[in-house]
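**Q** Next up is a structure, given as structure tokens.
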Amino acid sequence: MADVLQGTLDLLVLKTLSLEPLHGWGIGNRIQELSSDVFQVGQGSLYPSLHRLERNGLIEAEWGVSENNRRAKYYQLTEAGREQLRVQAQRWSRYAHAVSRVLQAAET
């Protein structure tokens with residue numbers, strides 16, 4: 001994955017799953033698509049994030065059949081995940097705005 005701050009992948013996964021339930025491969029593709037190819041999430045990063053989020057009760061999974069007729073684990077947000085997304089998105093927005101203000105400061 002392109003250089004991102006620690007914890008950002010979890011936030012991106014939560015946001016992606018807020019749009020619709022998806023399997024792991026679909027989550028990675030959707031993040032890549034929504035970021036205009038800036039983020040390319042490898043399985044080595046994505047699946048630990050999914051397991052961590054599931055362990056923390058922020059997402060849940062169930063087995064289903066993918067669009068290519070293969071068995072796949074589909075993930076969706078829990079209520080706790082929706083709340084975590086709200087809180088983390090608000091923090092990230094504040095952080096990004098602060099960084100932007102610093103970067104736009106006039107040189108003296």
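Labeling convention for the structure tokens: chains A, B, ... as they appear, residues from 1 per chain, ligands from 1 in order of appearance.
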Apply DSSP to the backbone of this structure and, from range 30-94 of chain A, keep only the residues in helix (DSSP H, G or I); write these as a ChimeraX atom specification.

**A** /A:30-34,43-55,79-94

**Q** Would you return as a list in words the members of range 17-106 of chain A that DSSP assigns to strand (DSSP E or B) on this structure's backbone?

**A**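 Residues meeting the strand (DSSP E or B) criterion: Leu22, His23, Ile59, Glu60, Ala61, Glu62, Trp63, Gly64, Val65, Arg71, Ala72, Lys73, Tyr74, Tyr75, Gln76 and Leu77 of chain A.
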
**Q** Out of A:Asn69, A:Leu53, A:Thr16, A:Leu77, which residue has the shortest atom-to-atom distance to Asn29 in chain A when counting only C-alpha atoms?

**A**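 Looking at the shortest contact to Asn29 in chain A, the residue is A:Thr16.
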
**Q** I'd like the neighbourhood of range 35-46 of chain A as a VMD selection string, where a residue qualifies if any of its atoms comes within 12 Å (using only C-alpha atoms), though same-chain residues fewer than 4 positions away should be ignored.

**A** chain A and resid 1 to 4 6 to 14 16 23 to 31 50 to 53

**Q** Considering only C-alpha atoms, state which residue in the set A:Leu22, A:Ala105, A:Trp92, A:Gln32 is at the smallest distance from Val65 in chain A.

**A**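 Answer, going by the shortest atom-to-atom distance: A:Leu22.
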
**Q** Quick one, how far is CA of Arg82 in chain A from CA of Glu67 in chain A?

**A** 26.0 Å
